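Reading through the structure tokens given below for one structure.
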Amino acid sequence: MSYHKELAAAKKAASLAARLCQNVQKALLQSDVQSKTDKTPVTVADYGSQALVSFVLQQELRAEFSLVAEEDSKDLRKDGAQEIVERITKLVNYSLTSDGSYNVTLSTEDVLKAIDSGRSEGGSQGQHWVLDPIDGTKGFLRGDQYAIALALLDGGKVVLGVLACPNLPLTSLKDAGQHSPNNEVGCLFFAEVGGGTYMQPLDGSSAVKVQVSAVENPEEASFFESYEAAHSMHDLTSLIAQKLGVKAPPVRIDSQAKYGALSRGDGAIYLRFPHKGYREKIWDHAAGCIVVTEAGGVVTDAAGQPLDFSKGKHLDVDTGIIVTNQKLMPLLLNAVKESLKEKAPSS
């Protein structure tokens, strides 16, 4: 079964949402007044991104659809939220006008309804879109990496994924670090089941097919992990890397931009081991997972099981998530097993 129409809609939706987020982040970074502890900018961009994605999918697909997304409008309908709702509506309309594809002006109620179309629970039956409107909110506030992550589930399996990474350099992180010297940033990764993974600049110029790293020797492998210590136990991941023989220090990046960077071979391994009690959400991994697997990579939990997206909003994984190429995976699983065993008595 082909998902070309859905993929085209998803690329358009994520690209427009990325443009909205870029506008908000630019204003945030230029503003002296805006305290970095103030979460308003990310709130506005988060809701605006979700409203735009929902609206574009509705316009492009012209059919009922189910969307599992991170936000709903509950807080926006409370007293005192009117000003934020107006800012979100203005931003959404500005994005739609500057794109020029849709000749509409949305009311605040239209925007709130669009946000609320993301209330689906997902599951193993039928098709469900899965959205993280801004993955990596702390990175967004710092001016670093974040992603708009959109995927489609069909019968509980991820069949397409799009990652818009507005601050990711177009050239490899190995060459540029996280900040591109020529300021050439903004990548769109997209994958359809059985069709491979492609990357193109966010401005829409031509796409290139990407492949995960072919590194077979762990000593030559570099690994990604979450920037935030809350998302991954850095002491455990450094033990795993040590057992594997990885020489390079970890590259710490926010958001599913890690999956995008890995799909084009910037690094060979991504380790994510959250603290006990944390439950992974499907929108944090669905798009990234297919982007990596269609580029030839493997994504499993710590026990080597594939991720199961058919159980609703949560992913029930064994201990953590590991991502690498097919050659390194057996070695990595072994290092993970040994490290967890070693850590167990003291935890």
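Ligands are numbered from 1 in the order shown, residues from 1 within each chain, and chains are lettered A, B, ... in the order they appear in the structure tokens.
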
Show me, as a ChimeraX atom specification, the residues that have an atom within 12 Å of Glu216 in chain A when counting only C-alpha atoms, minus same-chain residues fewer than 5 positions from it. /A:221-222,244-246,268-269,324-332

Can you pull out every residue within 6 Å of Ala295 in chain A, counting only C-alpha atoms, but drop anything in the same chain fewer than 2 positions away, and send it as a ChimeraX atom specification? /A:196-197,211-212,263,292-293,297

Excluding Val185 in chain A and any residue of its chain fewer than 5 positions from it, enumerate the residues within 6 Å of it, using only C-alpha atoms, and give them as a PyMOL selection string. chain A and resi 167-170

Considering only C-alpha atoms, can you say which of A:Leu20, A:Leu96, A:Val68, A:Phe140 comes closest to Val42 in chain A? A:Phe140

With a distance cut-off of 12 Å and only C-alpha atoms, select the neighbouring residues of range 124-129 of chain A, excluding the residue or stretch itself and same-chain residues fewer than 3 positions from it, and output the selection as a VMD selection string. chain A and resid 3 6 to 7 9 to 10 13 50 53 to 54 57 to 58 61 64 to 70 117 to 121 132 149 to 162 282 to 283 286 to 287 308 to 313

CA of Arg142 in chain A and CA of Leu112 in chain A are how many Å apart?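 Between these atoms lies a distance of 27.3 Å.
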
Please return, as a PyMOL selection string, all residues of range 107-256 of chain A that DSSP assigns to strand (DSSP E or B) on the basis of the backbone. chain A and resi 119+127-135+147-154+157-169+185-192+197-201+208-210+223-226+251-253

Looking only at helix (DSSP H, G or I) from DSSP on the backbone, list the matching residues of range 144-268 of chain A as a PyMOL selection string. chain A and resi 173-176+218-220+229-231+234-244+257-263

Contacts of range 229-235 of chain A at 6 Å or less, counting only C-alpha atoms, minus same-chain residues fewer than 5 places along, as a short mmCIF file (atom, residue, chain, number, x, y, z; two decimals) with C-alpha atoms, in the first residue's frame?
data_model
loop_
_atom_site.label_atom_id
_atom_site.label_comp_id
_atom_site.auth_asym_id
_atom_site.auth_seq_id
_atom_site.Cartn_x
_atom_site.Cartn_y
_atom_site.Cartn_z
CA ARG A 272 18.25 6.65 25.87
CA PHE A 273 17.84 5.33 29.40
CA PRO A 274 15.33 7.42 31.36
#
